[in-house]
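What follows is the content of data-v5.tsv, which has TSV, C-alpha atoms:
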chain	number	residue	atom	x	y	z
A	258	MET	CA	-7.86	10.08	-25.65
A	259	LYS	CA	-11.45	10.68	-24.63
A	260	ASP	CA	-12.18	10.48	-20.91
A	261	VAL	CA	-13.52	7.10	-19.95
A	262	ASN	CA	-16.58	6.89	-17.77
A	263	ILE	CA	-15.83	6.49	-14.04
A	264	ARG	CA	-17.84	3.25	-13.91
A	265	VAL	CA	-15.84	1.80	-16.80
A	266	PHE	CA	-12.61	2.97	-15.16
A	267	VAL	CA	-13.47	1.30	-11.84
A	268	LEU	CA	-14.68	-1.93	-13.48
A	269	VAL	CA	-11.55	-2.20	-15.63
A	270	GLY	CA	-9.39	-1.49	-12.57
A	271	LEU	CA	-11.20	-4.15	-10.55
A	272	LEU	CA	-10.94	-6.65	-13.40
A	273	VAL	CA	-7.19	-6.04	-13.78
A	274	SER	CA	-6.77	-6.44	-9.99
A	275	LEU	CA	-8.70	-9.74	-10.03
A	276	LEU	CA	-6.70	-11.08	-12.97
A	277	ILE	CA	-3.45	-10.20	-11.16
A	278	ALA	CA	-4.63	-11.81	-7.90
A	279	ILE	CA	-5.99	-14.99	-9.51
A	280	PHE	CA	-3.60	-15.72	-12.35
A	281	VAL	CA	-0.32	-13.90	-11.66
A	282	SER	CA	0.08	-14.13	-7.87
A	283	PRO	CA	0.52	-17.95	-7.85
A	284	PHE	CA	3.71	-17.38	-9.84
A	285	ALA	CA	5.17	-14.62	-7.64
A	286	SER	CA	8.62	-15.06	-6.09
A	287	SER	CA	8.58	-17.28	-3.01
A	288	TYR	CA	11.83	-15.84	-1.66
A	289	PRO	CA	11.52	-14.26	1.80
A	290	ASP	CA	10.86	-10.49	1.73
A	291	GLY	CA	13.39	-7.89	2.85
A	292	LEU	CA	12.39	-7.96	6.53
A	293	GLU	CA	12.14	-11.79	6.72
A	294	LYS	CA	15.52	-12.21	5.06
A	295	ILE	CA	17.20	-9.80	7.47
A	296	ALA	CA	15.46	-11.53	10.40
A	297	GLU	CA	16.91	-14.81	9.12
A	298	ILE	CA	20.46	-13.46	8.68
A	299	LYS	CA	20.52	-11.42	11.91
A	300	GLY	CA	18.96	-14.27	13.87
A	301	PHE	CA	15.66	-12.86	15.09
A	302	LEU	CA	13.30	-14.82	12.82
A	303	GLU	CA	12.41	-17.25	15.61
A	304	LYS	CA	11.05	-14.36	17.72
A	305	GLY	CA	8.04	-14.33	15.44
A	306	GLU	CA	7.49	-18.05	15.62
A	307	GLU	CA	6.62	-18.08	19.31
A	308	TRP	CA	3.27	-16.55	18.42
A	309	VAL	CA	0.34	-18.71	17.41
A	310	LEU	CA	-2.15	-15.93	16.70
A	311	TRP	CA	-1.71	-16.35	12.94
A	312	LYS	CA	-3.17	-19.84	13.11
A	313	LEU	CA	-6.58	-18.26	13.74
A	314	SER	CA	-6.73	-16.57	10.33
A	315	LEU	CA	-8.80	-18.20	7.58
A	316	MET	CA	-6.19	-18.24	4.83
A	317	PRO	CA	-2.78	-17.99	6.51
A	318	ASP	CA	-0.05	-16.90	4.09
A	319	TYR	CA	-2.52	-16.76	1.16
A	320	SER	CA	-3.07	-20.52	1.28
A	321	ILE	CA	-6.16	-22.58	2.01
A	322	PRO	CA	-5.59	-25.13	4.78
A	323	GLY	CA	-6.05	-28.66	3.48
A	324	SER	CA	-5.91	-27.75	-0.20
A	325	LYS	CA	-3.73	-29.95	-2.40
A	326	ASN	CA	-2.90	-27.50	-5.16
A	327	GLU	CA	-0.90	-24.59	-3.76
A	328	LYS	CA	-1.17	-22.45	-6.90
A	329	ILE	CA	-4.95	-22.75	-7.10
A	330	ALA	CA	-5.21	-22.00	-3.36
A	331	THR	CA	-3.11	-18.84	-3.78
A	332	GLY	CA	-5.18	-17.68	-6.76
A	333	LEU	CA	-8.42	-18.38	-4.90
A	334	SER	CA	-7.32	-16.56	-1.75
A	335	GLY	CA	-6.20	-13.67	-3.97
A	336	PHE	CA	-9.67	-13.58	-5.58
A	337	VAL	CA	-11.46	-13.64	-2.21
A	338	GLY	CA	-9.12	-11.00	-0.74
A	339	THR	CA	-9.43	-8.62	-3.71
A	340	ILE	CA	-13.25	-8.77	-3.62
A	341	ILE	CA	-13.32	-8.23	0.16
A	342	VAL	CA	-10.84	-5.32	0.03
A	343	PHE	CA	-12.86	-3.69	-2.77
A	344	GLY	CA	-16.10	-4.14	-0.84
A	345	VAL	CA	-14.71	-2.88	2.46
A	346	GLY	CA	-12.92	0.06	0.78
A	347	TYR	CA	-16.08	1.05	-1.12
A	348	GLY	CA	-18.23	0.53	1.98
A	349	VAL	CA	-15.96	2.58	4.25
A	350	ALA	CA	-15.91	5.40	1.67
A	351	MET	CA	-19.73	5.35	1.35
A	352	LEU	CA	-20.11	5.32	5.13
A	353	ILE	CA	-17.73	8.26	5.57
A	354	ARG	CA	-19.50	10.22	2.82
A	355	SER	CA	-22.97	9.51	4.22
A	356	LYS	CA	-22.02	11.05	7.58
A	357	ARG	CA	-21.39	14.43	5.98
A	358	SER	CA	-22.66	17.23	8.18
B	282	MET	CA	7.98	-5.17	5.37
B	283	HIS	CA	4.82	-6.43	7.10
B	284	VAL	CA	5.93	-6.87	10.72
B	285	PRO	CA	4.77	-10.20	12.21
B	286	ASP	CA	3.87	-10.77	15.85
B	287	GLY	CA	6.85	-11.03	18.17
B	288	PHE	CA	9.38	-8.83	16.32
B	289	VAL	CA	8.43	-5.53	17.95
B	290	SER	CA	7.97	-5.04	21.71
B	291	GLY	CA	4.62	-4.54	23.41
B	292	GLY	CA	5.52	-0.95	24.25
B	293	VAL	CA	6.34	-0.03	20.65
B	294	ASN	CA	3.19	-1.77	19.42
B	295	ALA	CA	1.06	0.06	22.01
B	296	ILE	CA	2.45	3.47	21.03
B	297	THR	CA	2.05	2.86	17.28
B	298	TYR	CA	-1.51	1.56	17.86
B	299	ILE	CA	-2.39	4.80	19.63
B	300	ILE	CA	-0.74	6.99	16.95
B	301	SER	CA	-2.31	5.00	14.10
B	302	ALA	CA	-5.76	5.05	15.69
B	303	GLY	CA	-5.54	8.80	16.31
B	304	ILE	CA	-4.39	9.57	12.78
B	305	SER	CA	-7.07	7.27	11.33
B	306	VAL	CA	-9.78	9.23	13.15
B	307	PHE	CA	-8.30	12.45	11.74
B	308	ALA	CA	-8.07	10.81	8.28
B	309	VAL	CA	-11.77	9.88	8.40
B	310	ARG	CA	-12.64	13.52	9.20
B	311	GLU	CA	-10.49	14.84	6.36
B	312	ALA	CA	-11.86	12.23	3.92
B	313	ASN	CA	-15.38	13.23	4.95
B	314	LYS	CA	-14.69	16.75	3.64
B	315	LYS	CA	-13.19	15.58	0.35
B	316	LEU	CA	-15.04	12.43	-0.74
B	317	GLY	CA	-16.98	13.22	-3.89
B	318	ASP	CA	-19.09	10.97	-6.12
B	319	LYS	CA	-16.15	9.70	-8.12
B	320	GLN	CA	-13.85	9.22	-5.13
B	321	VAL	CA	-16.06	6.59	-3.45
B	322	PRO	CA	-15.66	3.85	-6.11
B	323	LEU	CA	-12.10	5.03	-6.79
B	324	LEU	CA	-11.15	4.42	-3.15
B	325	GLY	CA	-12.50	0.87	-3.41
B	326	VAL	CA	-10.73	0.02	-6.64
B	327	VAL	CA	-7.40	1.55	-5.55
B	328	ALA	CA	-7.54	-0.54	-2.35
B	329	ALA	CA	-8.35	-3.68	-4.39
B	330	PHE	CA	-5.50	-2.99	-6.83
B	331	ILE	CA	-3.02	-2.42	-3.99
B	332	PHE	CA	-4.06	-5.67	-2.30
B	333	ALA	CA	-3.70	-7.67	-5.54
B	334	ALA	CA	-0.42	-6.03	-6.59
B	335	GLN	CA	1.06	-6.59	-3.11
B	336	MET	CA	0.75	-10.34	-3.74
B	337	LEU	CA	3.28	-10.12	-6.55
B	338	ASN	CA	6.64	-10.60	-4.90
B	339	PHE	CA	9.49	-9.93	-7.32
B	340	PRO	CA	13.03	-11.19	-6.68
B	341	VAL	CA	15.69	-8.60	-5.78
B	342	ALA	CA	19.28	-9.44	-4.81
B	343	GLY	CA	20.51	-12.50	-2.90
B	344	GLY	CA	17.46	-14.74	-2.55
B	345	THR	CA	15.30	-11.89	-1.29
B	346	SER	CA	12.02	-10.65	-2.69
B	347	GLY	CA	10.01	-7.50	-2.38
B	348	HIS	CA	6.57	-6.36	-3.35
B	349	PHE	CA	4.64	-3.24	-4.29
B	350	LEU	CA	3.49	-1.02	-1.41
B	351	GLY	CA	1.05	1.34	-3.12
B	352	ALA	CA	0.73	4.03	-0.44
B	353	LEU	CA	2.19	6.73	-2.68
B	354	LEU	CA	0.07	5.59	-5.64
B	355	ALA	CA	-3.01	6.06	-3.44
B	356	ALA	CA	-1.72	9.41	-2.16
B	357	SER	CA	-1.02	10.74	-5.66
B	358	LEU	CA	-4.59	9.88	-6.72
B	359	LEU	CA	-6.60	10.60	-3.57
B	360	GLY	CA	-4.38	12.60	-1.23
B	361	PRO	CA	-2.69	11.69	2.07
B	362	TRP	CA	-5.72	10.97	4.26
B	363	MET	CA	-7.57	8.70	1.88
B	364	SER	CA	-4.25	6.94	1.19
B	365	CYS	CA	-3.86	6.34	4.92
B	366	LEU	CA	-7.42	4.93	5.07
B	367	ILE	CA	-6.81	2.69	2.05
B	368	MET	CA	-3.60	1.31	3.60
B	369	THR	CA	-5.46	0.75	6.89
B	370	VAL	CA	-8.18	-1.25	5.09
B	371	VAL	CA	-5.63	-3.31	3.10
B	372	LEU	CA	-3.35	-4.00	6.10
B	373	THR	CA	-6.25	-4.92	8.41
B	374	ILE	CA	-7.69	-7.44	5.94
B	375	GLN	CA	-4.22	-8.86	5.20
B	376	CYS	CA	-3.66	-9.27	8.93
B	377	LEU	CA	-7.03	-10.79	9.87
B	378	LEU	CA	-7.66	-13.03	6.86
B	379	PHE	CA	-4.19	-13.91	5.64
B	380	ALA	CA	-1.94	-13.55	8.71
B	381	ASP	CA	0.20	-11.17	6.63
B	382	GLY	CA	1.49	-8.87	9.37
B	383	GLY	CA	0.82	-9.65	13.03
B	384	LEU	CA	-2.34	-8.62	14.88
B	385	THR	CA	-0.24	-7.16	17.71
B	386	ALA	CA	1.86	-5.33	15.09
B	387	LEU	CA	-1.08	-3.92	13.09
B	388	GLY	CA	-0.60	-0.44	14.54
B	389	THR	CA	3.10	-0.61	13.69
B	390	ASN	CA	2.36	-1.70	10.11
B	391	ILE	CA	-0.24	1.06	9.64
B	392	PHE	CA	2.28	3.56	11.04
B	393	ASN	CA	5.11	2.42	8.71
B	394	MET	CA	3.11	1.94	5.53
B	395	GLY	CA	0.02	4.14	5.87
B	396	ILE	CA	1.31	7.13	7.82
B	397	ILE	CA	4.94	7.25	6.67
B	398	GLY	CA	4.29	5.75	3.23
B	399	GLY	CA	0.99	7.51	2.54
B	400	VAL	CA	0.89	10.73	4.56
B	401	LEU	CA	4.54	11.77	4.99
B	402	CYS	CA	5.51	10.79	1.44
B	403	TYR	CA	2.53	12.71	0.05
B	404	TYR	CA	4.17	15.86	1.41
B	405	ILE	CA	7.50	14.76	-0.11
B	406	LEU	CA	5.66	14.43	-3.46
B	407	VAL	CA	4.21	17.91	-3.08
B	408	ALA	CA	7.65	19.36	-2.21
B	409	LEU	CA	9.36	17.62	-5.15
B	410	LYS	CA	6.58	18.73	-7.51
B	411	SER	CA	7.35	22.34	-6.68
B	412	ILE	CA	11.06	21.83	-7.46
B	413	PHE	CA	10.81	19.95	-10.75
B	414	PRO	CA	9.51	21.43	-14.04
B	415	LYS	CA	5.78	22.00	-13.93
B	416	ASN	CA	4.85	19.52	-16.64
B	417	LYS	CA	3.98	15.84	-16.98
B	418	SER	CA	7.62	14.67	-16.93
B	419	GLY	CA	8.42	16.76	-13.88
B	420	TYR	CA	5.36	15.38	-12.12
B	421	LEU	CA	6.20	11.76	-12.96
B	422	VAL	CA	9.80	12.20	-11.76
B	423	SER	CA	8.38	13.53	-8.46
B	424	VAL	CA	6.08	10.48	-8.24
B	425	ALA	CA	9.00	8.13	-8.95
B	426	ILE	CA	11.27	9.62	-6.27
B	427	SER	CA	8.59	9.93	-3.59
B	428	SER	CA	7.36	6.37	-4.18
B	429	LEU	CA	10.92	5.04	-3.84
B	430	MET	CA	11.23	7.05	-0.62
B	431	SER	CA	7.94	5.65	0.72
B	432	VAL	CA	9.46	2.15	0.71
B	433	VAL	CA	12.87	3.19	2.08
B	434	LEU	CA	11.43	5.42	4.82
B	435	GLY	CA	8.81	2.84	5.81
B	436	ALA	CA	11.51	0.16	6.08
B	437	SER	CA	13.78	2.54	8.02
B	438	ALA	CA	10.98	3.25	10.50
B	439	CYS	CA	10.57	-0.51	10.85
B	440	ALA	CA	14.33	-0.81	11.58
B	441	VAL	CA	14.10	1.88	14.27
B	442	GLU	CA	11.15	0.03	15.89
B	443	LEU	CA	13.11	-3.23	15.85
B	444	ALA	CA	16.06	-1.46	17.48
B	445	ILE	CA	13.92	0.22	20.18
B	446	SER	CA	12.36	-3.20	20.86
B	447	GLY	CA	15.83	-4.68	21.44
B	448	THR	CA	15.34	-7.13	18.56
B	449	SER	CA	18.43	-6.02	16.62
B	450	PRO	CA	20.92	-3.15	17.11
B	451	LEU	CA	20.19	-0.03	15.04
B	452	GLY	CA	23.69	-0.02	13.50
B	453	ILE	CA	23.00	-3.44	12.02
B	454	VAL	CA	19.32	-3.44	11.19
B	455	LEU	CA	18.97	0.10	9.78
B	456	PRO	CA	21.58	-0.17	6.99
B	457	ALA	CA	20.38	-3.70	6.18
B	458	MET	CA	16.70	-2.70	5.93
B	459	ALA	CA	17.38	0.57	4.09
B	460	SER	CA	19.69	-0.96	1.47
B	461	VAL	CA	17.42	-3.90	0.56
B	462	HIS	CA	14.46	-1.54	0.37
B	463	VAL	CA	16.24	0.81	-2.03
B	464	LEU	CA	16.14	-2.08	-4.51
B	465	ILE	CA	12.50	-2.86	-3.69
B	466	GLY	CA	11.80	0.89	-3.90
B	467	ILE	CA	13.07	0.97	-7.49
B	468	GLY	CA	10.38	-1.61	-8.31
B	469	GLU	CA	7.88	0.57	-6.44
B	470	ALA	CA	8.90	3.63	-8.49
B	471	ILE	CA	8.56	1.74	-11.80
B	472	ILE	CA	5.08	0.38	-10.95
B	473	THR	CA	3.77	3.63	-9.43
B	474	THR	CA	5.02	5.80	-12.30
B	475	ALA	CA	3.61	3.38	-14.90
B	476	VAL	CA	0.16	3.27	-13.25
B	477	VAL	CA	0.00	7.04	-12.63
B	478	GLY	CA	1.17	7.65	-16.22
B	479	LEU	CA	-1.54	5.35	-17.54
B	480	ILE	CA	-4.25	7.09	-15.50
B	481	LEU	CA	-2.97	10.52	-16.67
B	482	ASN	CA	-3.57	9.34	-20.23
B	483	THR	CA	-7.09	8.09	-19.57
B	484	ARG	CA	-8.59	10.07	-16.67
B	485	PRO	CA	-6.15	12.85	-15.64
B	486	ASP	CA	-8.84	14.32	-13.36
B	487	LEU	CA	-8.53	11.24	-11.12
B	488	VAL	CA	-4.89	12.02	-10.34
B	489	GLY	CA	-5.69	14.43	-7.54
B	490	THR	CA	-2.15	15.75	-7.03
B	491	TYR	CA	-1.62	16.55	-10.70
B	492	SER	CA	-3.04	20.04	-11.09
B	493	TYR	CA	-0.77	22.95	-11.74
B	494	GLN	CA	-2.93	25.98	-11.11
B	495	ASP	CA	-0.06	28.27	-11.99
B	496	ALA	CA	0.50	26.47	-15.29
B	497	GLY	CA	-2.77	27.70	-16.74
B	498	THR	CA	-4.19	25.45	-19.43
B	499	PHE	CA	-1.69	22.63	-18.95
B	500	ASN	CA	-4.11	20.32	-17.17
B	501	THR	CA	-6.88	20.56	-19.72
B	502	MET	CA	-4.42	20.15	-22.60
B	503	GLU	CA	-3.61	16.69	-21.31
B	504	ALA	CA	-7.23	15.56	-21.32
Turn the structure described in the file into structure tokens.
Amino acid sequence: MKDVNIRVFVLVGLLVSLLIAIFVSPFASSYPDGLEKIAEIKGFLEKGEEWVLWKLSLMPDYSIPGSKNEKIATGLSGFVGTIIVFGVGYGVAMLIRSKRS
Amino acid sequence: MHVPDGFVSGGVNAITYIISAGISVFAVREANKKLGDKQVPLLGVVAAFIFAAQMLNFPVAGGTSGHFLGALLAASLLGPWMSCLIMTVVLTIQCLLFADGGLTALGTNIFNMGIIGGVLCYYILVALKSIFPKNKSGYLVSVAISSLMSVVLGASACAVELAISGTSPLGIVLPAMASVHVLIGIGEAIITTAVVGLILNTRPDLVGTYSYQDAGTFNTMEA
């Protein structure tokens, strides 16, 4: 296979990531993850619930407060998050490269 | 295995914050030496892919789910220090915007997933690569094993932190965390090997850890 251009590679990668975040993530398993499940069984889950810091985040638990459709809210927060992570990752890399001595 | 606020003690969080901050500064210096034209957009897209793929929780045993970690994927493409930076970017945004992982536990999460998952497991990949046959299959087997280990070792570190914090005794929490994360790690190995395999077929030069200098023309044959 002929080498694909780096721009094409990055755009395809970003597109695949966006499609996953928008259309697949709303259908991901809603079971607790390994750590949450163990916290539940071993009885330390409530230790995390005393904190209210998480309420300050914009899209807690990949949802949008006040939205009626949970699946659309998850897809939308996935879209926003993927774009922001791409932008910050790219920006941090450019910044680090520009400081080359 | 994103640790929320309240699970790990203030002392453990303070120590992991200091370690993670120190290693991040070192990682920035190392990345500064190695970032080329193609690595800048690659770093962005790998971070975006890891964020998106981490949203896909898949069910494992007994009403439990797990998701992709991605630290070893990043390390196999861009090396340990850029992997650590990518995980720091992903974990910080997850924490601030989505409350996925506590703000007080951000240093702990970067330590478990970025430093153990990205940096330590990079060296495991390099060690395995030297043991297995020096060809594509040998490389992919090394990627599979080290990516599985990134999840198990990250979760084990998390168990040790919970034990030091007095949250749960080590004898209980370590075997529980390690065993569940072996199953999640199998998912990690499948995804990482598939993605690395796909990139080897399209742009093998982007898989930074895949050159076998001593194997002569092997690398160019694959392109």
Within 10 Å of Lys299 of chain A, counting only C-alpha atoms, which residues show up once you throw out same-chain ones fewer than 4 positions away? Write them as a ChimeraX atom specification, please.
/A:293-295 /B:448-450,453-454,457
Within 12 Å of segment 303-306 of chain A, which residues of segment 331-391 of chain B show up? Give each one with its shortest atom-to-atom distance in Å (one decimal) and the two atoms involved, counting only C-alpha atoms, rows by chain then rising residue number, as CSV.
residue,atom,partner,partner_atom,distance
B:Gly382,CA,A:Gly305,CA,10.5
B:Gly383,CA,A:Gly305,CA,8.9
B:Leu384,CA,A:Gly305,CA,11.9
B:Thr385,CA,A:Gly305,CA,11.2
B:Ala386,CA,A:Gly305,CA,10.9
Near-His348 of chain B list (12 Å; all atoms listed in the file; drop same-chain fewer than 5 positions) as a PDB file with C-alpha atoms, in the coordinates of the input:
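Result saved to part.pdb:
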ATOM      1  CA  SER A 282       0.080 -14.130  -7.870  1.00  0.00           C
ATOM      2  CA  ALA A 285       5.170 -14.620  -7.640  1.00  0.00           C
ATOM      3  CA  SER A 286       8.620 -15.060  -6.090  1.00  0.00           C
ATOM      4  CA  SER A 287       8.580 -17.280  -3.010  1.00  0.00           C
ATOM      5  CA  TYR A 288      11.830 -15.840  -1.660  1.00  0.00           C
ATOM      6  CA  PRO A 289      11.520 -14.260   1.800  1.00  0.00           C
ATOM      7  CA  ASP A 290      10.860 -10.490   1.730  1.00  0.00           C
ATOM      8  CA  GLY A 291      13.390  -7.890   2.850  1.00  0.00           C
ATOM      9  CA  LEU A 292      12.390  -7.960   6.530  1.00  0.00           C
TER      10      LEU A 292
ATOM     11  CA  MET B 282       7.980  -5.170   5.370  1.00  0.00           C
ATOM     12  CA  HIS B 283       4.820  -6.430   7.100  1.00  0.00           C
ATOM     13  CA  ILE B 331      -3.020  -2.420  -3.990  1.00  0.00           C
ATOM     14  CA  PHE B 332      -4.060  -5.670  -2.300  1.00  0.00           C
ATOM     15  CA  ALA B 333      -3.700  -7.670  -5.540  1.00  0.00           C
ATOM     16  CA  ALA B 334      -0.420  -6.030  -6.590  1.00  0.00           C
ATOM     17  CA  GLN B 335       1.060  -6.590  -3.110  1.00  0.00           C
ATOM     18  CA  MET B 336       0.750 -10.340  -3.740  1.00  0.00           C
ATOM     19  CA  LEU B 337       3.280 -10.120  -6.550  1.00  0.00           C
ATOM     20  CA  ASN B 338       6.640 -10.600  -4.900  1.00  0.00           C
ATOM     21  CA  PHE B 339       9.490  -9.930  -7.320  1.00  0.00           C
ATOM     22  CA  PRO B 340      13.030 -11.190  -6.680  1.00  0.00           C
ATOM     23  CA  VAL B 341      15.690  -8.600  -5.780  1.00  0.00           C
ATOM     24  CA  VAL B 432       9.460   2.150   0.710  1.00  0.00           C
ATOM     25  CA  VAL B 461      17.420  -3.900   0.560  1.00  0.00           C
ATOM     26  CA  HIS B 462      14.460  -1.540   0.370  1.00  0.00           C
ATOM     27  CA  LEU B 464      16.140  -2.080  -4.510  1.00  0.00           C
ATOM     28  CA  ILE B 465      12.500  -2.860  -3.690  1.00  0.00           C
ATOM     29  CA  GLY B 466      11.800   0.890  -3.900  1.00  0.00           C
ATOM     30  CA  ILE B 467      13.070   0.970  -7.490  1.00  0.00           C
ATOM     31  CA  GLY B 468      10.380  -1.610  -8.310  1.00  0.00           C
ATOM     32  CA  GLU B 469       7.880   0.570  -6.440  1.00  0.00           C
ATOM     33  CA  ALA B 470       8.900   3.630  -8.490  1.00  0.00           C
ATOM     34  CA  ILE B 471       8.560   1.740 -11.800  1.00  0.00           C
ATOM     35  CA  ILE B 472       5.080   0.380 -10.950  1.00  0.00           C
TER      36      ILE B 472
END
Selected residue, from B:Ser301, B:Ser357, B:Thr369, B:Ser423, that lies nearest to chain A when counting only C-alpha atoms
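Checking each candidate against chain A, we get B:Thr369 as the closest.
In this structure, atom CA of Leu359 of chain B sits 24.5 Å away from atom CA of Phe336 of chain A.
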B:Leu378, B:Cys439, B:Val306, B:Leu372 ranked by distance to Asn294 of chain B, top pick (using all atoms listed in the file):
B:Cys439
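With atom CA of Ile321 of chain A on one side and atom CA of Val337 of chain A on the other, the separation reads 11.2 Å.
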Kindly complete segment 401-418 of chain B to N, CA, C and O atoms; the output should be written as a PDB file, in the coordinates of the input.
ATOM      1  N   LEU B 401       3.260  11.043   5.064  1.00  0.00           N
ATOM      2  CA  LEU B 401       4.540  11.770   4.990  1.00  0.00           C
ATOM      3  C   LEU B 401       5.033  11.883   3.544  1.00  0.00           C
ATOM      4  O   LEU B 401       5.443  12.963   3.101  1.00  0.00           O
ATOM      5  N   CYS B 402       4.964  10.764   2.807  1.00  0.00           N
ATOM      6  CA  CYS B 402       5.510  10.790   1.440  1.00  0.00           C
ATOM      7  C   CYS B 402       4.640  11.579   0.479  1.00  0.00           C
ATOM      8  O   CYS B 402       5.122  12.031  -0.556  1.00  0.00           O
ATOM      9  N   TYR B 403       3.364  11.791   0.831  1.00  0.00           N
ATOM     10  CA  TYR B 403       2.530  12.710   0.050  1.00  0.00           C
ATOM     11  C   TYR B 403       3.151  14.108   0.097  1.00  0.00           C
ATOM     12  O   TYR B 403       3.246  14.787  -0.927  1.00  0.00           O
ATOM     13  N   TYR B 404       3.584  14.519   1.287  1.00  0.00           N
ATOM     14  CA  TYR B 404       4.170  15.860   1.410  1.00  0.00           C
ATOM     15  C   TYR B 404       5.534  15.935   0.718  1.00  0.00           C
ATOM     16  O   TYR B 404       5.926  16.994   0.217  1.00  0.00           O
ATOM     17  N   ILE B 405       6.246  14.804   0.657  1.00  0.00           N
ATOM     18  CA  ILE B 405       7.500  14.760  -0.110  1.00  0.00           C
ATOM     19  C   ILE B 405       7.173  14.938  -1.600  1.00  0.00           C
ATOM     20  O   ILE B 405       7.842  15.691  -2.308  1.00  0.00           O
ATOM     21  N   LEU B 406       6.099  14.272  -2.057  1.00  0.00           N
ATOM     22  CA  LEU B 406       5.660  14.430  -3.460  1.00  0.00           C
ATOM     23  C   LEU B 406       5.334  15.888  -3.767  1.00  0.00           C
ATOM     24  O   LEU B 406       5.776  16.437  -4.784  1.00  0.00           O
ATOM     25  N   VAL B 407       4.596  16.518  -2.864  1.00  0.00           N
ATOM     26  CA  VAL B 407       4.210  17.910  -3.080  1.00  0.00           C
ATOM     27  C   VAL B 407       5.441  18.812  -3.132  1.00  0.00           C
ATOM     28  O   VAL B 407       5.554  19.693  -3.991  1.00  0.00           O
ATOM     29  N   ALA B 408       6.417  18.553  -2.236  1.00  0.00           N
ATOM     30  CA  ALA B 408       7.650  19.360  -2.210  1.00  0.00           C
ATOM     31  C   ALA B 408       8.452  19.159  -3.492  1.00  0.00           C
ATOM     32  O   ALA B 408       8.927  20.124  -4.100  1.00  0.00           O
ATOM     33  N   LEU B 409       8.589  17.898  -3.925  1.00  0.00           N
ATOM     34  CA  LEU B 409       9.360  17.620  -5.150  1.00  0.00           C
ATOM     35  C   LEU B 409       8.691  18.242  -6.368  1.00  0.00           C
ATOM     36  O   LEU B 409       9.349  18.774  -7.256  1.00  0.00           O
ATOM     37  N   LYS B 410       7.355  18.185  -6.392  1.00  0.00           N
ATOM     38  CA  LYS B 410       6.580  18.730  -7.510  1.00  0.00           C
ATOM     39  C   LYS B 410       6.862  20.216  -7.702  1.00  0.00           C
ATOM     40  O   LYS B 410       6.878  20.710  -8.820  1.00  0.00           O
ATOM     41  N   SER B 411       7.105  20.905  -6.567  1.00  0.00           N
ATOM     42  CA  SER B 411       7.350  22.340  -6.680  1.00  0.00           C
ATOM     43  C   SER B 411       8.779  22.633  -7.143  1.00  0.00           C
ATOM     44  O   SER B 411       9.082  23.731  -7.603  1.00  0.00           O
ATOM     45  N   ILE B 412       9.660  21.637  -7.039  1.00  0.00           N
ATOM     46  CA  ILE B 412      11.060  21.830  -7.460  1.00  0.00           C
ATOM     47  C   ILE B 412      11.229  21.507  -8.940  1.00  0.00           C
ATOM     48  O   ILE B 412      11.864  22.235  -9.685  1.00  0.00           O
ATOM     49  N   PHE B 413      10.623  20.399  -9.366  1.00  0.00           N
ATOM     50  CA  PHE B 413      10.810  19.950 -10.750  1.00  0.00           C
ATOM     51  C   PHE B 413       9.957  20.763 -11.722  1.00  0.00           C
ATOM     52  O   PHE B 413       9.010  21.435 -11.309  1.00  0.00           O
ATOM     53  N   PRO B 414      10.290  20.693 -13.038  1.00  0.00           N
ATOM     54  CA  PRO B 414       9.510  21.430 -14.040  1.00  0.00           C
ATOM     55  C   PRO B 414       8.024  21.125 -13.923  1.00  0.00           C
ATOM     56  O   PRO B 414       7.642  19.987 -13.648  1.00  0.00           O
ATOM     57  N   LYS B 415       7.218  22.171 -14.119  1.00  0.00           N
ATOM     58  CA  LYS B 415       5.780  22.000 -13.930  1.00  0.00           C
ATOM     59  C   LYS B 415       5.128  21.448 -15.195  1.00  0.00           C
ATOM     60  O   LYS B 415       4.352  22.104 -15.874  1.00  0.00           O
ATOM     61  N   ASN B 416       5.481  20.209 -15.519  1.00  0.00           N
ATOM     62  CA  ASN B 416       4.850  19.520 -16.640  1.00  0.00           C
ATOM     63  C   ASN B 416       4.739  18.047 -16.302  1.00  0.00           C
ATOM     64  O   ASN B 416       5.093  17.643 -15.194  1.00  0.00           O
ATOM     65  N   LYS B 417       4.232  17.251 -17.258  1.00  0.00           N
ATOM     66  CA  LYS B 417       3.980  15.840 -16.980  1.00  0.00           C
ATOM     67  C   LYS B 417       5.252  15.089 -16.573  1.00  0.00           C
ATOM     68  O   LYS B 417       5.236  14.289 -15.632  1.00  0.00           O
ATOM     69  N   SER B 418       6.362  15.356 -17.266  1.00  0.00           N
ATOM     70  CA  SER B 418       7.620  14.670 -16.930  1.00  0.00           C
ATOM     71  C   SER B 418       8.076  15.021 -15.519  1.00  0.00           C
ATOM     72  O   SER B 418       8.482  14.152 -14.752  1.00  0.00           O
TER      73      SER B 418
END
